[in-house]
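Content type mmCIF, C-alpha atoms, from the file protein_36.cif:
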data_my_file
loop_
_atom_site.label_atom_id
_atom_site.label_comp_id
_atom_site.auth_asym_id
_atom_site.auth_seq_id
_atom_site.Cartn_x
_atom_site.Cartn_y
_atom_site.Cartn_z
CA MET A 1 -1.52 14.36 -14.04
CA SER A 2 -1.07 12.66 -10.63
CA HIS A 3 2.14 12.76 -8.60
CA VAL A 4 2.61 9.04 -9.09
CA GLN A 5 2.24 9.35 -12.86
CA ASN A 6 4.77 12.18 -13.00
CA GLU A 7 7.17 10.21 -10.85
CA LEU A 8 6.94 6.96 -12.73
CA THR A 9 7.66 8.70 -16.04
CA SER A 10 10.90 10.18 -14.63
CA GLN A 11 12.48 6.79 -13.98
CA PRO A 12 14.87 6.56 -16.95
CA GLU A 13 16.62 9.76 -15.87
CA CYS A 14 16.71 8.64 -12.23
CA TRP A 15 18.25 5.31 -13.22
CA GLU A 16 20.97 7.03 -15.20
CA ARG A 17 21.87 9.17 -12.18
CA ALA A 18 21.87 6.17 -9.84
CA ALA A 19 24.11 4.16 -12.15
CA GLY A 20 26.58 7.04 -12.19
CA LEU A 21 26.42 7.34 -8.41
CA ALA A 22 27.16 3.67 -7.74
CA ALA A 23 30.93 3.90 -8.23
CA ARG A 24 31.18 6.91 -5.91
CA GLN A 25 29.29 5.06 -3.17
CA SER A 26 31.16 1.76 -3.37
CA ALA A 27 32.56 2.06 0.18
CA ALA A 28 29.01 2.15 1.57
CA LEU A 29 27.90 -0.88 -0.44
CA PRO A 30 28.78 -4.55 0.02
CA SER A 31 32.12 -5.93 -1.08
CA PRO A 32 32.41 -9.29 -2.84
CA GLY A 33 32.38 -12.13 -0.33
CA GLU A 34 30.55 -10.26 2.43
CA ARG A 35 27.58 -12.02 3.98
CA VAL A 36 24.76 -9.55 3.48
CA ALA A 37 21.13 -9.10 4.51
CA VAL A 38 18.93 -6.62 2.65
CA VAL A 39 15.84 -5.43 4.49
CA GLY A 40 12.86 -3.17 3.96
CA CYS A 41 9.11 -2.90 4.35
CA GLY A 42 6.46 -3.19 1.65
CA THR A 43 7.90 -2.16 -1.69
CA SER A 44 11.41 -1.99 -0.24
CA TRP A 45 11.16 -5.62 0.88
CA PHE A 46 10.39 -6.70 -2.68
CA MET A 47 13.35 -4.69 -3.97
CA ALA A 48 15.45 -6.42 -1.31
CA GLN A 49 14.37 -9.78 -2.69
CA ALA A 50 15.48 -8.77 -6.17
CA VAL A 51 18.86 -7.46 -4.94
CA ALA A 52 19.54 -10.59 -2.92
CA ALA A 53 18.83 -12.87 -5.87
CA LEU A 54 20.99 -10.77 -8.20
CA ARG A 55 23.98 -10.61 -5.86
CA GLU A 56 23.98 -14.25 -4.87
CA GLY A 57 23.30 -15.31 -8.46
CA ALA A 58 26.36 -13.34 -9.57
CA GLY A 59 28.51 -15.28 -7.11
CA LEU A 60 29.33 -12.18 -5.04
CA GLY A 61 28.38 -13.59 -1.66
CA GLU A 62 25.57 -15.10 0.37
CA THR A 63 22.71 -12.60 0.41
CA ASP A 64 19.35 -12.81 2.17
CA ALA A 65 16.29 -10.57 2.06
CA PHE A 66 13.86 -9.98 4.90
CA ALA A 67 10.93 -7.83 5.84
CA ALA A 68 12.45 -5.61 8.52
CA SER A 69 9.98 -6.92 11.11
CA GLU A 70 11.07 -10.53 10.45
CA PHE A 71 14.85 -10.18 10.64
CA PRO A 72 16.51 -13.26 12.19
CA PHE A 73 18.68 -11.78 14.91
CA GLY A 74 20.31 -15.15 15.58
CA ARG A 75 22.17 -15.01 12.25
CA ASP A 76 25.47 -13.26 11.67
CA TYR A 77 25.96 -10.86 8.75
CA ASP A 78 28.87 -8.70 7.69
CA ARG A 79 26.55 -5.97 6.43
CA VAL A 80 22.86 -5.11 6.65
CA ILE A 81 21.44 -2.88 3.93
CA ALA A 82 18.19 -1.12 4.80
CA LEU A 83 16.02 0.37 2.06
CA SER A 84 13.77 3.17 3.33
CA ARG A 85 12.39 5.91 1.11
CA SER A 86 11.09 7.99 4.02
CA GLY A 87 13.85 7.24 6.51
CA THR A 88 11.22 7.12 9.26
CA THR A 89 9.74 3.61 9.10
CA THR A 90 9.56 2.20 12.61
CA GLU A 91 10.60 -1.38 11.87
CA VAL A 92 13.64 -0.27 9.86
CA LEU A 93 14.88 2.12 12.54
CA GLU A 94 14.41 -0.47 15.27
CA LEU A 95 16.32 -3.05 13.26
CA LEU A 96 19.24 -0.71 12.56
CA SER A 97 19.47 0.09 16.27
CA ALA A 98 19.40 -3.57 17.23
CA VAL A 99 22.20 -4.68 14.88
CA ARG A 100 24.48 -1.68 15.36
CA GLY A 101 27.90 -2.85 16.48
CA LYS A 102 27.15 -6.41 15.33
CA ALA A 103 27.15 -5.75 11.57
CA ARG A 104 28.04 -2.81 9.35
CA THR A 105 24.82 -1.07 8.36
CA THR A 106 23.97 0.90 5.23
CA ALA A 107 20.75 2.83 4.71
CA ILE A 108 19.55 3.84 1.26
CA THR A 109 16.99 6.63 1.60
CA GLY A 110 15.29 9.42 -0.26
CA ASP A 111 15.19 11.99 2.55
CA PRO A 112 18.38 13.22 4.28
CA ARG A 113 16.41 15.04 7.00
CA THR A 114 15.18 11.93 8.78
CA PRO A 115 16.28 9.67 11.68
CA VAL A 116 17.78 7.01 9.39
CA MET A 117 20.72 9.35 8.75
CA ASP A 118 21.94 8.75 12.31
CA ALA A 119 20.72 5.18 12.61
CA ALA A 120 23.09 3.60 10.06
CA ASP A 121 26.88 3.48 9.78
CA ASP A 122 26.75 4.46 6.09
CA VAL A 123 24.00 6.27 4.19
CA VAL A 124 23.33 6.65 0.47
CA VAL A 125 20.87 9.45 -0.28
CA LEU A 126 18.81 9.29 -3.46
CA ASP A 127 17.00 12.58 -2.91
CA PHE A 128 16.63 13.09 -6.65
CA ALA A 129 14.37 10.01 -6.67
CA ASP A 130 12.29 10.92 -3.61
CA GLU A 131 8.54 11.18 -4.14
CA GLN A 132 5.49 13.12 -3.11
CA SER A 133 3.21 10.19 -3.74
CA VAL A 134 2.29 7.54 -1.20
CA VAL A 135 2.63 4.84 -3.85
CA GLN A 136 6.32 4.15 -4.50
CA THR A 137 7.60 3.95 -8.04
CA ARG A 138 10.85 5.72 -8.90
CA PHE A 139 12.58 5.55 -5.50
CA ALA A 140 12.29 1.78 -5.35
CA THR A 141 13.48 1.16 -8.89
CA THR A 142 16.27 3.74 -8.53
CA ALA A 143 17.56 2.09 -5.34
CA LEU A 144 17.53 -1.25 -7.14
CA THR A 145 19.38 0.31 -10.09
CA LEU A 146 22.03 1.71 -7.74
CA LEU A 147 22.66 -1.74 -6.31
CA ARG A 148 22.41 -3.42 -9.68
CA ALA A 149 25.05 -1.05 -11.05
CA HIS A 150 27.24 -1.68 -8.00
CA LEU A 151 27.05 -5.39 -8.83
CA GLY A 152 28.06 -4.71 -12.44
CA LEU A 153 24.67 -5.84 -13.72
CA HIS A 154 23.22 -2.57 -15.05
CA THR A 155 23.50 -1.55 -18.71
CA ASP A 156 22.30 1.33 -20.87
CA ALA A 157 19.89 -1.14 -22.47
CA VAL A 158 17.88 -1.23 -19.23
CA VAL A 159 17.26 2.53 -19.46
CA ALA A 160 16.34 2.20 -23.14
CA ASP A 161 13.83 -0.50 -22.22
CA ALA A 162 12.33 1.78 -19.57
CA ARG A 163 11.78 4.47 -22.19
CA THR A 164 10.13 1.86 -24.42
CA ALA A 165 7.90 0.81 -21.52
CA LEU A 166 6.77 4.42 -21.08
CA ALA A 167 6.23 5.15 -24.77
CA GLY A 168 4.39 2.09 -25.99
CA PRO A 169 0.66 1.39 -25.56
CA LEU A 170 -0.52 -1.14 -23.01
CA PRO A 171 -1.94 -4.35 -24.51
CA GLU A 172 -5.49 -3.90 -25.73
CA GLY A 173 -8.10 -5.09 -23.25
CA LEU A 174 -5.69 -5.29 -20.32
CA VAL A 175 -7.28 -2.42 -18.38
CA ASP A 176 -10.63 -4.21 -18.49
CA CYS A 177 -9.38 -7.46 -16.91
CA SER A 178 -10.87 -8.45 -13.57
CA GLN A 179 -7.82 -10.17 -12.08
CA PHE A 180 -4.06 -10.02 -12.61
CA THR A 181 -1.29 -12.49 -11.84
CA PHE A 182 2.37 -11.49 -12.11
CA LEU A 183 5.08 -14.13 -12.51
CA GLY A 184 8.84 -13.99 -12.16
CA ARG A 185 11.93 -16.18 -12.09
CA GLY A 186 15.01 -15.59 -9.97
CA TRP A 187 15.47 -11.90 -9.25
CA SER A 188 12.27 -10.96 -11.09
CA VAL A 189 10.11 -12.79 -8.51
CA GLY A 190 10.52 -9.76 -6.25
CA LEU A 191 9.55 -7.48 -9.14
CA ALA A 192 6.43 -9.55 -9.79
CA GLN A 193 5.48 -9.17 -6.13
CA GLU A 194 6.01 -5.42 -6.40
CA ALA A 195 3.87 -5.19 -9.55
CA ALA A 196 1.03 -6.89 -7.71
CA LEU A 197 1.41 -4.51 -4.78
CA LYS A 198 1.27 -1.47 -7.09
CA MET A 199 -1.97 -2.75 -8.59
CA ARG A 200 -3.53 -3.27 -5.19
CA GLU A 201 -2.41 0.10 -3.83
CA ALA A 202 -3.23 2.34 -6.77
CA SER A 203 -6.25 0.65 -8.33
CA LEU A 204 -7.65 -1.74 -5.67
CA SER A 205 -7.25 -4.58 -8.15
CA TRP A 206 -7.36 -8.28 -7.36
CA THR A 207 -3.75 -9.28 -7.97
CA GLU A 208 -1.43 -12.13 -7.07
CA ALA A 209 2.24 -12.92 -7.74
CA TYR A 210 4.23 -16.17 -7.83
CA PRO A 211 7.46 -17.74 -9.01
CA ALA A 212 6.59 -18.79 -12.55
CA MET A 213 7.18 -22.50 -12.01
CA GLU A 214 4.90 -22.46 -8.95
CA TYR A 215 1.98 -20.97 -10.88
CA ARG A 216 0.92 -24.37 -12.23
CA HIS A 217 0.82 -25.81 -8.71
CA GLY A 218 -2.62 -24.41 -7.92
CA PRO A 219 -2.81 -20.67 -8.73
CA ILE A 220 -3.54 -21.27 -12.41
CA SER A 221 -6.96 -22.50 -11.32
CA ILE A 222 -8.20 -18.89 -11.03
CA THR A 223 -7.17 -18.08 -14.61
CA THR A 224 -10.00 -17.73 -17.08
CA ARG A 225 -11.47 -15.36 -19.63
CA GLY A 226 -11.16 -11.80 -18.34
CA THR A 227 -7.99 -12.42 -16.29
CA ALA A 228 -4.40 -11.60 -17.21
CA THR A 229 -1.12 -13.37 -16.49
CA TRP A 230 1.97 -11.21 -16.94
CA MET A 231 5.43 -12.76 -17.16
CA PHE A 232 8.50 -10.81 -15.98
CA GLY A 233 11.41 -12.29 -17.90
CA GLU A 234 11.68 -15.52 -19.84
CA SER A 235 8.68 -17.82 -19.55
CA PRO A 236 8.94 -21.52 -18.66
CA ASP A 237 8.33 -23.79 -21.62
CA GLY A 238 4.65 -24.37 -22.35
CA LEU A 239 3.28 -21.94 -19.78
CA ARG A 240 1.94 -19.43 -22.28
CA LYS A 241 -0.05 -22.14 -24.07
CA GLN A 242 -1.49 -23.37 -20.78
CA VAL A 243 -2.65 -19.87 -19.84
CA GLU A 244 -4.14 -19.17 -23.24
CA ALA A 245 -5.98 -22.50 -23.13
CA THR A 246 -7.87 -21.22 -20.07
CA GLY A 247 -9.11 -18.20 -22.01
CA GLY A 248 -6.95 -15.84 -19.96
CA MET A 249 -4.79 -13.11 -21.46
CA TRP A 250 -1.04 -13.73 -21.58
CA VAL A 251 1.30 -10.72 -21.36
CA ALA A 252 4.84 -11.54 -22.41
CA GLY A 253 7.65 -9.65 -20.70
CA GLY A 254 9.91 -8.88 -23.61
CA LEU A 255 11.71 -6.00 -21.91
CA ASP A 256 14.20 -6.06 -19.05
CA PRO A 257 12.17 -7.11 -15.98
CA LEU A 258 12.72 -3.74 -14.28
CA ALA A 259 11.26 -2.02 -17.35
CA GLU A 260 8.35 -4.47 -17.24
CA LEU A 261 7.68 -3.18 -13.73
CA VAL A 262 7.37 0.32 -15.21
CA ARG A 263 4.72 -1.02 -17.60
CA ALA A 264 2.86 -2.53 -14.65
CA GLN A 265 3.03 0.80 -12.82
CA ARG A 266 1.43 2.44 -15.86
CA LEU A 267 -1.30 -0.20 -15.84
CA ALA A 268 -2.07 0.47 -12.17
CA VAL A 269 -2.50 4.19 -12.88
CA ALA A 270 -4.61 3.50 -15.98
CA ILE A 271 -6.97 1.22 -14.08
CA ALA A 272 -7.25 3.74 -11.26
CA ALA A 273 -8.27 6.37 -13.80
CA ALA A 274 -10.79 4.02 -15.40
CA ARG A 275 -12.35 3.34 -12.00
CA GLY A 276 -12.42 6.99 -10.92
CA LEU A 277 -9.80 6.44 -8.21
CA ASP A 278 -7.07 8.84 -7.15
CA PRO A 279 -3.73 6.95 -7.19
CA ASP A 280 -2.22 9.70 -5.03
CA ALA A 281 -4.64 8.86 -2.23
CA PRO A 282 -4.61 5.05 -1.85
CA ARG A 283 -7.08 3.65 0.63
CA HIS A 284 -5.82 3.22 4.23
CA LEU A 285 -2.20 4.07 3.32
CA THR A 286 0.30 6.75 4.31
CA ARG A 287 3.75 7.60 2.92
CA SER A 288 5.50 6.04 5.92
CA VAL A 289 4.41 3.57 8.58
CA ILE A 290 5.31 5.00 11.99
CA LEU A 291 4.02 2.80 14.81
CA ASP A 292 2.57 4.36 17.95
CA GLU A 293 4.08 2.72 21.03
CA GLY A 294 0.95 3.60 22.96
#
Reformat the file's structure so that it appears as structure tokens.
Amino acid sequence: MSHVQNELTSQPECWERAAGLAARQSAALPSPGERVAVVGCGTSWFMAQAVAALREGAGLGETDAFAASEFPFGRDYDRVIALSRSGTTTEVLELLSAVRGKARTTAITGDPRTPVMDAADDVVVLDFADEQSVVQTRFATTALTLLRAHLGLHTDAVVADARTALAGPLPEGLVDCSQFTFLGRGWSVGLAQEAALKMREASLSWTEAYPAMEYRHGPISITTRGTATWMFGESPDGLRKQVEATGGMWVAGGLDPLAELVRAQRLAVAIAAARGLDPDAPRHLTRSVILDEG
């Protein structure tokens, strides 16, 4: 069994620990009414998108999400939250240095032996969710669970859904599809983007992701027999029928969207296995992106 497969199956236990940790870390996390930016790179950026939508949707304060390299330094924030599994990503460390003294900074990381520990004002360490694999699974979803619990939006039902996502079979024929589109609404748009990234990283699959209502504005044109469209959360009226009319497979997201992401992670590993790929050694990727100034 690959590292990534072992790590993705441990997520229910990691989520339970993160939910319990949230109350003890409240001082390091945003208070209601604070103007907050959540930043990260790759997977962490997509988790940032989900967090921002959840917090603002709950009426807890204006919240934006940015790729660390695209942070708008002309804006003022009360707090910047940086998500970094490795604690060594160049863009994240540079951003934390640049905003220090201008906004309170919080880093959420998996490794306490890295430069991010000194780069942020506050640090939350999720070392129990750190990973050996290059492809992120449990750290990202555990960081999101921590923040979701802090916002009062996590329940035991989410963990139960994750266990269901791990135990049940994937839809028949899904592994054989040639193209995959993931759709979300609100906070699950970020999760759909992350599902697509997992498929590209682990299995070199042709994948795309969109807000569900945008899918009909062009992207549906690629849908046909042998493709799959996977909805994270409640589907817009009529969309399933439109997809099925093309001959494409429709995958309904009946579980909590975060648990649906676990199902998509399983699919990425299954396709990698079917294609003879090693999901622990994704092409052209390393665990952390550290830029060489030379």
**Request:** Kindly give the distance, in Å, that separates CA of Ala268 (chain A) and CA of Ser2 (chain A), rounded to a single decimal.
**Result:** 12.3 Å
Residues matched by the PyMOL selection byres ((chain A and resi 108) around 6) as a PDB file with C-alpha atoms, in the frame of the given file:
ATOM      1  CA  LEU A  83      16.020   0.370   2.060  1.00  0.00           C
ATOM      2  CA  ALA A 107      20.750   2.830   4.710  1.00  0.00           C
ATOM      3  CA  THR A 109      16.990   6.630   1.600  1.00  0.00           C
ATOM      4  CA  VAL A 123      24.000   6.270   4.190  1.00  0.00           C
ATOM      5  CA  VAL A 124      23.330   6.650   0.470  1.00  0.00           C
ATOM      6  CA  VAL A 125      20.870   9.450  -0.280  1.00  0.00           C
TER       7      VAL A 125
END
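Closest approach to Phe128 (chain A) from the set A:Gly186, A:Gly218, A:Pro112, A:Pro32 is made by A:Pro112, with distances taken over only C-alpha atoms.
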**Request:** Pull out every residue that the PyMOL selection byres ((chain A and resi 242-251) around 12) matches in the shown coordinates and put them as a PyMOL selection string.
**Result:** chain A and resi 170-183+212+215-216+219-241+252-255+260+263-264
Take the residues that were just selected and, keeping C-alpha atoms, output them as an mmCIF file, keeping the file's coordinate frame.
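Once everything was written out, this is result.cif:
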data_model
loop_
_atom_site.group_PDB
_atom_site.id
_atom_site.type_symbol
_atom_site.label_atom_id
_atom_site.label_comp_id
_atom_site.auth_asym_id
_atom_site.auth_seq_id
_atom_site.Cartn_x
_atom_site.Cartn_y
_atom_site.Cartn_z
ATOM 1 C CA LEU A 170 -0.520 -1.140 -23.010
ATOM 2 C CA PRO A 171 -1.940 -4.350 -24.510
ATOM 3 C CA GLU A 172 -5.490 -3.900 -25.730
ATOM 4 C CA GLY A 173 -8.100 -5.090 -23.250
ATOM 5 C CA LEU A 174 -5.690 -5.290 -20.320
ATOM 6 C CA VAL A 175 -7.280 -2.420 -18.380
ATOM 7 C CA ASP A 176 -10.630 -4.210 -18.490
ATOM 8 C CA CYS A 177 -9.380 -7.460 -16.910
ATOM 9 C CA SER A 178 -10.870 -8.450 -13.570
ATOM 10 C CA GLN A 179 -7.820 -10.170 -12.080
ATOM 11 C CA PHE A 180 -4.060 -10.020 -12.610
ATOM 12 C CA THR A 181 -1.290 -12.490 -11.840
ATOM 13 C CA PHE A 182 2.370 -11.490 -12.110
ATOM 14 C CA LEU A 183 5.080 -14.130 -12.510
ATOM 15 C CA ALA A 212 6.590 -18.790 -12.550
ATOM 16 C CA TYR A 215 1.980 -20.970 -10.880
ATOM 17 C CA ARG A 216 0.920 -24.370 -12.230
ATOM 18 C CA PRO A 219 -2.810 -20.670 -8.730
ATOM 19 C CA ILE A 220 -3.540 -21.270 -12.410
ATOM 20 C CA SER A 221 -6.960 -22.500 -11.320
ATOM 21 C CA ILE A 222 -8.200 -18.890 -11.030
ATOM 22 C CA THR A 223 -7.170 -18.080 -14.610
ATOM 23 C CA THR A 224 -10.000 -17.730 -17.080
ATOM 24 C CA ARG A 225 -11.470 -15.360 -19.630
ATOM 25 C CA GLY A 226 -11.160 -11.800 -18.340
ATOM 26 C CA THR A 227 -7.990 -12.420 -16.290
ATOM 27 C CA ALA A 228 -4.400 -11.600 -17.210
ATOM 28 C CA THR A 229 -1.120 -13.370 -16.490
ATOM 29 C CA TRP A 230 1.970 -11.210 -16.940
ATOM 30 C CA MET A 231 5.430 -12.760 -17.160
ATOM 31 C CA PHE A 232 8.500 -10.810 -15.980
ATOM 32 C CA GLY A 233 11.410 -12.290 -17.900
ATOM 33 C CA GLU A 234 11.680 -15.520 -19.840
ATOM 34 C CA SER A 235 8.680 -17.820 -19.550
ATOM 35 C CA PRO A 236 8.940 -21.520 -18.660
ATOM 36 C CA ASP A 237 8.330 -23.790 -21.620
ATOM 37 C CA GLY A 238 4.650 -24.370 -22.350
ATOM 38 C CA LEU A 239 3.280 -21.940 -19.780
ATOM 39 C CA ARG A 240 1.940 -19.430 -22.280
ATOM 40 C CA LYS A 241 -0.050 -22.140 -24.070
ATOM 41 C CA ALA A 252 4.840 -11.540 -22.410
ATOM 42 C CA GLY A 253 7.650 -9.650 -20.700
ATOM 43 C CA GLY A 254 9.910 -8.880 -23.610
ATOM 44 C CA LEU A 255 11.710 -6.000 -21.910
ATOM 45 C CA GLU A 260 8.350 -4.470 -17.240
ATOM 46 C CA ARG A 263 4.720 -1.020 -17.600
ATOM 47 C CA ALA A 264 2.860 -2.530 -14.650
#
Put the listed atoms of region 24-40 of chain A in a box along x, y and z with 5 Å added on every side and give me the centre and edge lengths in Å to one decimal, as AutoDock Vina command-line options.
--center_x 22.7 --center_y -2.6 --center_z -0.7 --size_x 29.7 --size_y 29.0 --size_z 20.4
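One distance worth recording is that between CA of Gln11 (chain A) and CA of Ala162 (chain A), which is 7.5 Å.
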**Request:** Would you mind telling me which residue in A:Asp161, A:Glu201, A:Asp121, A:Asp280 lies nearest to Ala28 (chain A) when using only C-alpha atoms?
**Result:** A:Asp121
**Asked** What is the CA of Ala58 (chain A)-CA of Tyr77 (chain A) distance in Å, reported with one decimal?
**Response** 18.5 Å
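Distance cut-off 10 Å, centre (10.1, 5.0, -5.3), atoms counted all atoms listed in the file; the residues meeting this are Val4, Glu7, Leu8, Gln11, Thr43, Ser44, Ser84, Arg85, Ser86, Thr109, Gly110, Leu126, Ala129, Asp130, Glu131, Gln132, Ser133, Val134, Val135, Gln136, Thr137, Arg138, Phe139, Ala140, Thr141, Thr142, Ala143 and Leu144 of chain A.
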**Asked** Could you pull the residues within 9 Å of Ala120 (chain A), counting only C-alpha atoms, minus those fewer than 6 positions along the same chain, as a list of chain:residue names?
**Response** A:Ala82, A:Leu93, A:Leu96, A:Ser97, A:Arg100, A:Arg104, A:Thr105, A:Thr106, A:Ala107
If you keep C-alpha atoms, can you produce a file of those selected residues as a PDB file, in the frame of the given file?
ATOM      1  CA  ALA A  82      18.190  -1.120   4.800  1.00  0.00           C
ATOM      2  CA  LEU A  93      14.880   2.120  12.540  1.00  0.00           C
ATOM      3  CA  LEU A  96      19.240  -0.710  12.560  1.00  0.00           C
ATOM      4  CA  SER A  97      19.470   0.090  16.270  1.00  0.00           C
ATOM      5  CA  ARG A 100      24.480  -1.680  15.360  1.00  0.00           C
ATOM      6  CA  ARG A 104      28.040  -2.810   9.350  1.00  0.00           C
ATOM      7  CA  THR A 105      24.820  -1.070   8.360  1.00  0.00           C
ATOM      8  CA  THR A 106      23.970   0.900   5.230  1.00  0.00           C
ATOM      9  CA  ALA A 107      20.750   2.830   4.710  1.00  0.00           C
TER      10      ALA A 107
END
**Message:** With only C-alpha atoms as the counted atoms, please give the residues lying no more than 10 Å from Pro169 (chain A), apart from itself and same-chain residues fewer than 4 positions off, as a PyMOL selection string.
**Reply:** chain A and resi 164-165+263+266
Would you save the residues from that selection as an mmCIF file, in the coordinates of the input, using C-alpha atoms?
data_model
loop_
_atom_site.group_PDB
_atom_site.id
_atom_site.type_symbol
_atom_site.label_atom_id
_atom_site.label_comp_id
_atom_site.auth_asym_id
_atom_site.auth_seq_id
_atom_site.Cartn_x
_atom_site.Cartn_y
_atom_site.Cartn_z
ATOM 1 C CA THR A 164 10.130 1.860 -24.420
ATOM 2 C CA ALA A 165 7.900 0.810 -21.520
ATOM 3 C CA ARG A 263 4.720 -1.020 -17.600
ATOM 4 C CA ARG A 266 1.430 2.440 -15.860
#
**Request:** Around the point (17.3, -13.3, -10.2), in the coordinates given by the file, pick out the residues reaching within 7 Å, counting only C-alpha atoms, and return them as a list in words.
**Result:** Ala50, Ala53, Leu54, Gly57, Arg185, Gly186, Trp187 and Ser188 of chain A
**Asked** Between A:Arg113, A:Arg17, A:His217, A:Arg55, which one has atoms that come closest to Gly87 (chain A), using only C-alpha atoms?
**Response** A:Arg113
**Request:** Specify as a ChimeraX atom specification each residue included when the PyMOL selection byres ((chain A and resi 146-154) around 6) is applied to this file.
**Result:** /A:18-19,22,143-145,155
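When all atoms listed in the file are used to compute distances to Thr63 (chain A), the closest of the residues A:Glu194, A:Glu214, A:Asp127, A:Glu34 turns out to be A:Glu34.
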